[in-house]
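Structure record follows, encoded as C-alpha cells.
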Amino acid sequence: MLWYAWVFLVIAIIAAILGFGGIAAASAGIAKICFIVFLVLFLISLLAGRRRAL
C-alpha cells in the first residue's frame, strides 16, 4: 500500500514538472489517500499485535 502512495507521488511530481496540472493534482490526491489508508491499517495492526502480546 505504501508503495502505491510513493508511485502516485512520483507521478504527481513528474506531471507537475511537465506542466500537466490536472494529472498532477489527481495523482497527488490518490497518493494522499493511499498514505492515509496505509497509516490507518498500520495503526490497527500495531494495536492488534499489542493486544495479542498481553
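In the C-alpha cells, each chain is lettered A, B, ... as it comes, each chain's residues begin at 1, and ligands are numbered from 1 in order of appearance.
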
Legend entry - Spatial neighbours of Ile33 of chain A, 9 Å, only C-alpha atoms, chain gap at least 5 places, as an MDAnalysis selection string: chainID A and resid 5 28 38

Legend entry - Shell of 9 Å around segment 39-43 of chain A, only C-alpha atoms, local chain residues under 5 positions omitted, as an MDAnalysis selection string: chainID A and resid 2 34 48

Can I get the selected residues back with C-alpha atoms, as a JSON list (two decimals), in the first residue's frame?
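Everything below was put into out-v4.json:
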```json
[["chain", "number", "residue", "atom", "x", "y", "z"],
["A", 2, "LEU", "CA", 2.80, 2.40, 0.86],
["A", 34, "CYS", "CA", -3.17, 5.67, -0.21],
["A", 48, "ALA", "CA", -3.90, -5.79, 17.33]]
```

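Taking atom CA of Ile17 of chain A and atom CA of Gly29 of chain A as endpoints, the distance between them is 16.6 Å.
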
Legend entry - Residues within 10 Å of Ala16 of chain A, only C-alpha atoms, excluding chain neighbours under 5 positions, as a PyMOL selection string: chain A and resi 10-11+21-25+27-28

Would you mind exporting C-alpha atoms of the selected residues as a PDB file, in the first residue's frame?
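So out.pdb came out as:
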```
ATOM      1  CA  VAL A  10       6.378  10.372  -8.154  1.00  0.00           C
ATOM      2  CA  ILE A  11       3.821  10.530 -10.961  1.00  0.00           C
ATOM      3  CA  GLY A  21      -1.687  20.300 -13.662  1.00  0.00           C
ATOM      4  CA  GLY A  22      -4.787  18.100 -13.677  1.00  0.00           C
ATOM      5  CA  ILE A  23      -2.862  14.847 -13.726  1.00  0.00           C
ATOM      6  CA  ALA A  24      -0.519  16.112 -11.012  1.00  0.00           C
ATOM      7  CA  ALA A  25      -3.399  17.105  -8.752  1.00  0.00           C
ATOM      8  CA  SER A  27      -2.044  11.752  -8.616  1.00  0.00           C
ATOM      9  CA  ALA A  28      -1.234  13.759  -5.505  1.00  0.00           C
TER      10      ALA A  28
END
```

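Shortest atom-to-atom contact with Ile30 of chain A among A:Phe8, A:Ser45, A:Arg51, A:Ile14: A:Phe8, counting only C-alpha atoms.
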
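The coordinates place atom CA of Ala31 of chain A at 26.6 Å from atom CA of Gly49 of chain A.
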
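Distance check against Tyr4 of chain A using only C-alpha atoms: of A:Lys32, A:Leu47, A:Leu18, A:Ala26, the minimum falls on A:Lys32.
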